[in-house]
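Content type CSV, C-alpha atoms, from the file coords_18.csv:
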```csv
chain,number,residue,atom,x,y,z
A,1,MET,CA,0.0,0.0,0.0
A,2,GLY,CA,2.9,2.3,0.8
A,3,LEU,CA,4.3,1.5,-2.6
A,4,VAL,CA,1.0,2.5,-4.3
A,5,ALA,CA,1.0,5.8,-2.4
A,6,ARG,CA,4.5,6.4,-3.7
A,7,VAL,CA,3.4,5.7,-7.3
A,8,VAL,CA,0.4,8.0,-6.9
A,9,GLU,CA,2.6,10.7,-5.5
A,10,GLU,CA,5.0,10.4,-8.4
A,11,SER,CA,2.1,10.8,-10.8
A,12,GLY,CA,1.4,14.2,-9.3
A,13,ILE,CA,-1.3,13.7,-6.6
A,14,PRO,CA,-0.3,14.2,-3.0
A,15,THR,CA,-1.0,11.3,-0.6
A,16,VAL,CA,-1.2,10.7,3.1
A,17,SER,CA,-1.2,7.2,4.7
A,18,VAL,CA,-2.9,6.2,7.9
A,19,SER,CA,-0.9,3.3,9.3
A,20,THR,CA,-1.3,0.8,12.1
A,21,GLY,CA,2.0,-0.9,11.3
A,22,ARG,CA,4.7,1.5,12.3
A,23,ASP,CA,7.7,-0.6,11.4
A,24,ILE,CA,6.4,-1.4,7.9
A,25,THR,CA,5.6,2.2,7.2
A,26,ALA,CA,9.0,3.3,8.4
A,27,LEU,CA,10.7,0.9,5.9
A,28,VAL,CA,8.5,1.6,2.9
A,29,ARG,CA,8.4,5.4,3.6
A,30,PRO,CA,5.3,6.7,1.9
A,31,PRO,CA,5.4,10.5,1.3
A,32,ARG,CA,3.4,11.4,4.5
A,33,SER,CA,2.1,9.1,7.2
A,34,VAL,CA,0.4,9.2,10.5
A,35,PHE,CA,0.7,6.2,12.8
A,36,VAL,CA,-2.1,5.1,15.0
A,37,ASN,CA,-1.2,2.5,17.7
A,38,PHE,CA,-4.5,0.7,17.3
A,39,PRO,CA,-5.2,-2.9,16.2
A,40,MET,CA,-5.0,-3.4,12.4
A,41,GLY,CA,-8.6,-3.1,11.2
A,42,ASN,CA,-9.4,-0.4,13.7
A,43,THR,CA,-7.3,2.3,12.1
A,44,PHE,CA,-10.0,4.9,12.9
A,45,GLY,CA,-11.1,3.4,16.2
A,46,ARG,CA,-14.3,1.6,17.3
A,47,PRO,CA,-17.6,1.1,15.6
A,48,ARG,CA,-19.9,4.1,15.9
A,49,ASP,CA,-17.2,6.2,17.6
A,50,ARG,CA,-17.7,9.0,15.2
A,51,GLU,CA,-15.7,11.5,17.3
A,52,MET,CA,-12.5,9.4,17.2
A,53,GLN,CA,-13.0,8.4,13.5
A,54,THR,CA,-13.3,12.0,12.6
A,55,ARG,CA,-10.4,13.1,14.7
A,56,ILE,CA,-8.0,10.6,13.2
A,57,LEU,CA,-9.2,11.4,9.6
A,58,ARG,CA,-8.8,15.1,10.4
A,59,ASP,CA,-5.3,14.5,11.7
A,60,ALA,CA,-4.3,12.7,8.5
A,61,LEU,CA,-5.8,15.5,6.3
A,62,GLY,CA,-4.0,18.1,8.5
A,63,LEU,CA,-0.7,16.4,8.0
A,64,ALA,CA,-1.3,16.5,4.2
A,65,ALA,CA,-1.8,20.2,4.5
A,66,THR,CA,1.3,20.9,6.7
A,67,ALA,CA,3.9,18.2,6.1
A,68,PRO,CA,7.2,19.9,5.7
A,69,GLU,CA,9.3,17.2,4.0
A,70,PRO,CA,8.9,13.9,2.1
A,71,GLY,CA,8.8,10.7,4.3
A,72,VAL,CA,7.4,12.4,7.4
A,73,LEU,CA,5.9,9.9,9.9
A,74,VAL,CA,3.9,11.4,12.7
A,75,ASP,CA,2.8,9.4,15.8
A,76,LEU,CA,-0.7,10.2,16.8
A,77,PRO,CA,-1.2,10.3,20.6
A,78,TYR,CA,-4.3,8.1,20.9
A,79,VAL,CA,-4.1,5.0,23.2
A,80,TRP,CA,-6.1,1.8,22.7
A,81,PRO,CA,-7.7,1.0,26.0
A,82,GLU,CA,-6.5,-2.6,26.3
A,83,PRO,CA,-3.4,-4.5,25.2
A,84,PHE,CA,-3.6,-6.2,21.7
A,85,GLU,CA,-1.5,-8.6,19.8
A,86,TYR,CA,-0.5,-9.5,16.3
A,87,PHE,CA,-3.5,-11.1,14.6
A,88,ALA,CA,-2.3,-14.5,13.4
A,89,GLY,CA,-5.3,-15.1,11.2
A,90,GLU,CA,-6.4,-18.5,9.9
A,91,THR,CA,-3.9,-21.2,10.9
A,92,THR,CA,-5.9,-24.4,10.3
A,93,PRO,CA,-4.2,-26.9,8.0
A,94,GLU,CA,-7.0,-26.3,5.4
A,95,ALA,CA,-6.3,-22.6,5.3
A,96,LEU,CA,-2.6,-23.1,5.1
A,97,ALA,CA,-2.9,-25.6,2.2
A,98,LYS,CA,-5.1,-23.1,0.4
A,99,GLN,CA,-2.5,-20.3,0.7
A,100,LEU,CA,0.3,-22.6,-0.4
A,101,LYS,CA,-1.4,-23.2,-3.8
A,102,LYS,CA,-1.1,-19.5,-4.8
B,103,MET,CA,2.2,-0.1,24.6
B,104,ASP,CA,5.0,-0.4,22.1
B,105,PRO,CA,3.9,-0.8,18.4
B,106,ILE,CA,3.6,-4.4,17.2
B,107,ARG,CA,6.6,-5.5,15.2
B,108,TYR,CA,4.8,-6.6,12.1
B,109,VAL,CA,7.9,-7.2,9.9
B,110,GLU,CA,9.1,-9.8,12.3
B,111,ALA,CA,5.6,-11.3,12.9
B,112,LEU,CA,4.8,-11.5,9.2
B,113,ASN,CA,8.2,-12.9,8.2
B,114,ASN,CA,7.5,-15.7,10.8
B,115,LYS,CA,4.0,-16.3,9.4
B,116,TYR,CA,5.1,-16.4,5.8
B,117,GLY,CA,7.9,-18.7,6.7
B,118,SER,CA,5.6,-21.1,8.6
B,119,MET,CA,3.3,-21.2,5.5
B,120,GLY,CA,6.2,-22.1,3.1
B,121,PHE,CA,6.1,-18.8,1.3
B,122,PRO,CA,9.4,-17.7,-0.1
B,123,PRO,CA,11.2,-15.1,2.1
B,124,TYR,CA,9.5,-11.7,1.8
B,125,GLN,CA,11.8,-8.8,0.8
B,126,TRP,CA,10.3,-5.7,2.4
B,127,SER,CA,10.6,-2.5,0.5
B,128,VAL,CA,13.2,-0.3,2.1
B,129,ASN,CA,13.3,3.3,0.9
B,130,GLU,CA,15.7,6.0,2.1
B,131,ASP,CA,13.6,8.8,0.7
B,132,ALA,CA,10.1,9.5,-0.6
B,133,PRO,CA,8.6,11.1,-3.7
B,134,TRP,CA,6.8,14.4,-3.2
B,135,THR,CA,4.1,16.4,-4.8
B,136,PRO,CA,3.3,19.6,-3.0
B,137,MET,CA,-0.2,20.4,-2.0
B,138,THR,CA,-1.2,23.4,-4.1
B,139,LYS,CA,-4.6,24.0,-2.7
B,140,PRO,CA,-6.0,24.5,0.8
B,141,LEU,CA,-7.9,21.5,2.1
B,142,ALA,CA,-11.1,23.4,1.8
B,143,GLU,CA,-10.7,23.3,-1.9
B,144,CYS,CA,-9.4,19.7,-2.2
B,145,THR,CA,-11.3,16.7,-3.6
B,146,VAL,CA,-10.3,13.8,-1.5
B,147,ALA,CA,-10.4,10.0,-2.2
B,148,LEU,CA,-9.8,7.0,0.1
B,149,LEU,CA,-7.9,3.8,-0.8
B,150,VAL,CA,-8.1,0.8,1.6
B,151,SER,CA,-6.4,-2.6,1.3
B,152,GLY,CA,-8.6,-4.6,3.6
B,153,GLY,CA,-10.5,-6.9,1.2
B,154,ILE,CA,-13.6,-4.8,1.0
B,155,SER,CA,-16.0,-5.5,-1.9
B,156,HIS,CA,-19.6,-4.8,-2.8
B,157,CYS,CA,-21.9,-7.6,-1.9
B,158,SER,CA,-22.8,-8.1,-5.5
B,159,ALA,CA,-19.2,-8.5,-6.6
B,160,VAL,CA,-17.0,-11.6,-6.3
B,161,PRO,CA,-15.4,-11.4,-2.8
B,162,PHE,CA,-11.7,-10.7,-2.5
B,163,ASP,CA,-9.5,-13.8,-1.9
B,164,ALA,CA,-9.0,-13.6,1.9
B,165,ASN,CA,-5.6,-15.3,1.6
B,166,ALA,CA,-4.5,-13.4,-1.6
B,167,ARG,CA,-0.9,-13.1,-2.7
B,168,ASN,CA,0.1,-10.9,-5.7
B,169,ASP,CA,-3.5,-9.7,-6.1
B,170,HIS,CA,-3.5,-6.4,-8.0
B,171,ARG,CA,-7.2,-6.1,-8.0
B,172,VAL,CA,-8.7,-2.7,-7.0
B,173,ASP,CA,-12.4,-2.1,-6.9
B,174,ALA,CA,-14.1,1.3,-7.2
B,175,ILE,CA,-16.4,2.2,-4.3
B,176,ASP,CA,-19.1,4.5,-5.5
B,177,VAL,CA,-19.5,7.5,-3.2
B,178,ASP,CA,-23.3,7.2,-3.0
B,179,THR,CA,-23.5,3.4,-2.2
B,180,PRO,CA,-24.3,2.9,1.5
B,181,LEU,CA,-21.4,1.2,3.4
B,182,ASP,CA,-23.6,-1.6,4.7
B,183,GLN,CA,-23.6,-3.0,1.2
B,184,TYR,CA,-20.0,-4.1,1.5
B,185,GLN,CA,-18.4,-7.3,2.7
B,186,ILE,CA,-14.9,-8.0,3.9
B,187,HIS,CA,-12.7,-11.0,3.0
B,188,ASP,CA,-9.2,-10.8,4.4
B,189,SER,CA,-7.6,-13.3,6.8
B,190,TYR,CA,-4.7,-11.0,7.8
B,191,TYR,CA,-6.5,-8.8,10.3
B,192,ASP,CA,-9.4,-8.9,12.6
B,193,HIS,CA,-12.3,-7.2,10.8
B,194,THR,CA,-15.0,-7.9,13.4
B,195,ASP,CA,-15.4,-4.2,14.2
B,196,ALA,CA,-15.0,-3.0,10.6
B,197,GLY,CA,-17.8,-5.5,9.7
B,198,ARG,CA,-20.1,-3.7,12.2
B,199,ASP,CA,-19.1,-0.2,11.0
B,200,LEU,CA,-16.9,0.1,8.0
B,201,ASN,CA,-15.9,3.6,9.1
B,202,CYS,CA,-13.5,2.0,11.7
B,203,LEU,CA,-11.3,1.2,8.7
B,204,PHE,CA,-12.7,3.1,5.8
B,205,PRO,CA,-14.2,6.4,7.1
B,206,LEU,CA,-16.1,7.5,4.0
B,207,ASP,CA,-19.1,8.7,6.0
B,208,ARG,CA,-16.8,10.8,8.2
B,209,LEU,CA,-15.1,12.2,5.0
B,210,LYS,CA,-18.6,13.2,3.7
B,211,GLU,CA,-19.3,15.0,6.9
B,212,LEU,CA,-16.0,17.0,6.6
B,213,ALA,CA,-17.0,17.9,3.1
B,214,ALA,CA,-20.5,19.0,4.2
B,215,ASP,CA,-18.9,21.2,6.9
B,216,GLY,CA,-16.5,22.7,4.3
B,217,GLU,CA,-13.3,21.4,5.9
B,218,ILE,CA,-12.5,19.7,2.6
B,219,GLY,CA,-13.6,20.8,-0.8
B,220,GLY,CA,-15.4,17.6,-1.8
B,221,VAL,CA,-15.5,13.8,-1.8
B,222,ALA,CA,-14.4,12.0,-5.0
B,223,ARG,CA,-17.1,10.2,-6.9
B,224,ARG,CA,-15.1,6.9,-6.6
B,225,HIS,CA,-13.1,5.5,-3.7
B,226,TRP,CA,-11.0,2.4,-3.8
B,227,SER,CA,-10.4,-1.0,-2.3
B,228,GLY,CA,-7.6,-3.2,-3.3
B,229,PHE,CA,-3.8,-3.9,-3.4
B,230,MET,CA,-4.2,-6.4,-0.6
B,231,GLY,CA,-0.5,-7.0,0.0
B,232,ARG,CA,1.8,-10.0,0.1
B,233,THR,CA,2.9,-8.6,-3.2
B,234,TYR,CA,6.0,-10.4,-4.3
B,235,ASN,CA,5.9,-9.0,-7.9
B,236,ARG,CA,6.4,-5.4,-6.9
B,237,SER,CA,7.6,-4.2,-10.2
B,238,LYS,CA,4.1,-4.8,-11.5
B,239,VAL,CA,2.8,-2.2,-8.9
B,240,ILE,CA,5.4,0.3,-10.0
B,241,ASN,CA,5.0,-0.2,-13.7
B,242,GLU,CA,1.4,-1.4,-14.3
B,243,SER,CA,-1.3,-1.6,-11.6
B,244,GLY,CA,-0.1,1.5,-9.6
B,245,PRO,CA,0.1,3.9,-12.6
B,246,ALA,CA,-3.3,2.6,-13.9
B,247,PHE,CA,-4.8,3.3,-10.5
B,248,ALA,CA,-3.2,6.7,-10.4
B,249,GLN,CA,-4.8,7.5,-13.8
B,250,SER,CA,-8.2,6.7,-12.3
B,251,LEU,CA,-7.6,9.3,-9.6
B,252,HIS,CA,-6.5,11.9,-12.2
B,253,ASP,CA,-9.7,11.1,-14.2
B,254,ASP,CA,-11.8,11.9,-11.2
B,255,GLY,CA,-10.0,15.2,-10.4
B,256,VAL,CA,-8.7,13.9,-7.1
B,257,ASP,CA,-6.4,16.4,-5.3
B,258,LEU,CA,-5.5,14.2,-2.3
B,259,LEU,CA,-5.5,10.5,-1.6
B,260,VAL,CA,-5.8,9.0,1.9
B,261,ALA,CA,-4.2,5.6,1.8
B,262,ILE,CA,-5.2,3.1,4.5
B,263,PRO,CA,-3.2,-0.2,4.7
B,264,ALA,CA,-4.8,-3.1,6.5
```
Can the structure in the file be given as structure tokens, please?
Amino acid sequence: MGLVARVVEESGIPTVSVSTGRDITALVRPPRSVFVNFPMGNTFGRPRDREMQTRILRDALGLAATAPEPGVLVDLPYVWPEPFEYFAGETTPEALAKQLKK
Amino acid sequence: MDPIRYVEALNNKYGSMGFPPYQWSVNEDAPWTPMTKPLAECTVALLVSGGISHCSAVPFDANARNDHRVDAIDVDTPLDQYQIHDSYYDHTDAGRDLNCLFPLDRLKELAADGEIGGVARRHWSGFMGRTYNRSKVINESGPAFAQSLHDDGVDLLVAIPA
């Protein structure tokens, strides 16, 4: 996804990425990024939490308007209320066999 | 809480599945197109990589690799008409309210309030990751996608990896 953002930026359209994977984003280095330390899939918070969803979206748009230099990565201050872990996904033998075929 | 180290976690997962070693993109710098308009005049589009498709379309392959598919999401179609197929993140919450991951309704509200100039007529779901053939993104699927944004008069893209 960061790679796509870079291609779009090179084509002449500014981009801002909203990431929950800080290390990946730091490596790929899209033009502008905000990092949200929330579980992947909850980039903008919880269901129906319109206030938080809007806040994070507004933060991303704000960075687009103000970012001083290419590759900027801004850590947003929001804290997920409980610990969370890497989501391992489907690990049944059937799911793994399906993935191996690709 | 420290950020999850996804590079390490995903390398382990891919290895356990027999995938070839994944060479992560490492860039020392980034391309740059300056913003030439204030936000209040910008048409904004969203792109999300979380396996979101319209219920009438073929679902995304939840375990996709090298999938360059990208679907348009019409701005006027209600978000409850979309489904999620992606085995690489927990989309329980996004299934209840897509705005957790793809905040199109919130973007429309910002446009209605005048904070942004407008909402693009098409938004986008695709580029699901596990992309081993990255030159295809750089040379084919990426530029084709960028052209769609130019066709729609998009001034700013918000990219949401998942």
message = Residues of chain A within 6 Å of chain B, counting only C-alpha atoms - could you list those as number ranges by chain?
response = A: 1, 4, 7-10, 12-18, 27-29, 31, 40-47, 54, 70-71, 87, 89, 99
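Our summary of the geometry notes that atom CA of Gly62 of chain A is positioned 22.9 Å from atom CA of Ser227 of chain B.
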request  = Can you work out the spacing between atom CA of Arg171 of chain B and atom CA of Pro123 of chain B in Å, to one decimal?
outcome  = 22.8 Å
query = How many Å lie between atom CA of Ala213 of chain B and atom CA of Arg55 of chain A, rounded to one decimal?
reply =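 These two atoms are separated by 14.2 Å.
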note = In terms of all atoms listed in the file, the residue from B:Ser250, B:Glu242, B:Gly220, B:Tyr184 at minimal distance from Glu143 of chain B is B:Gly220
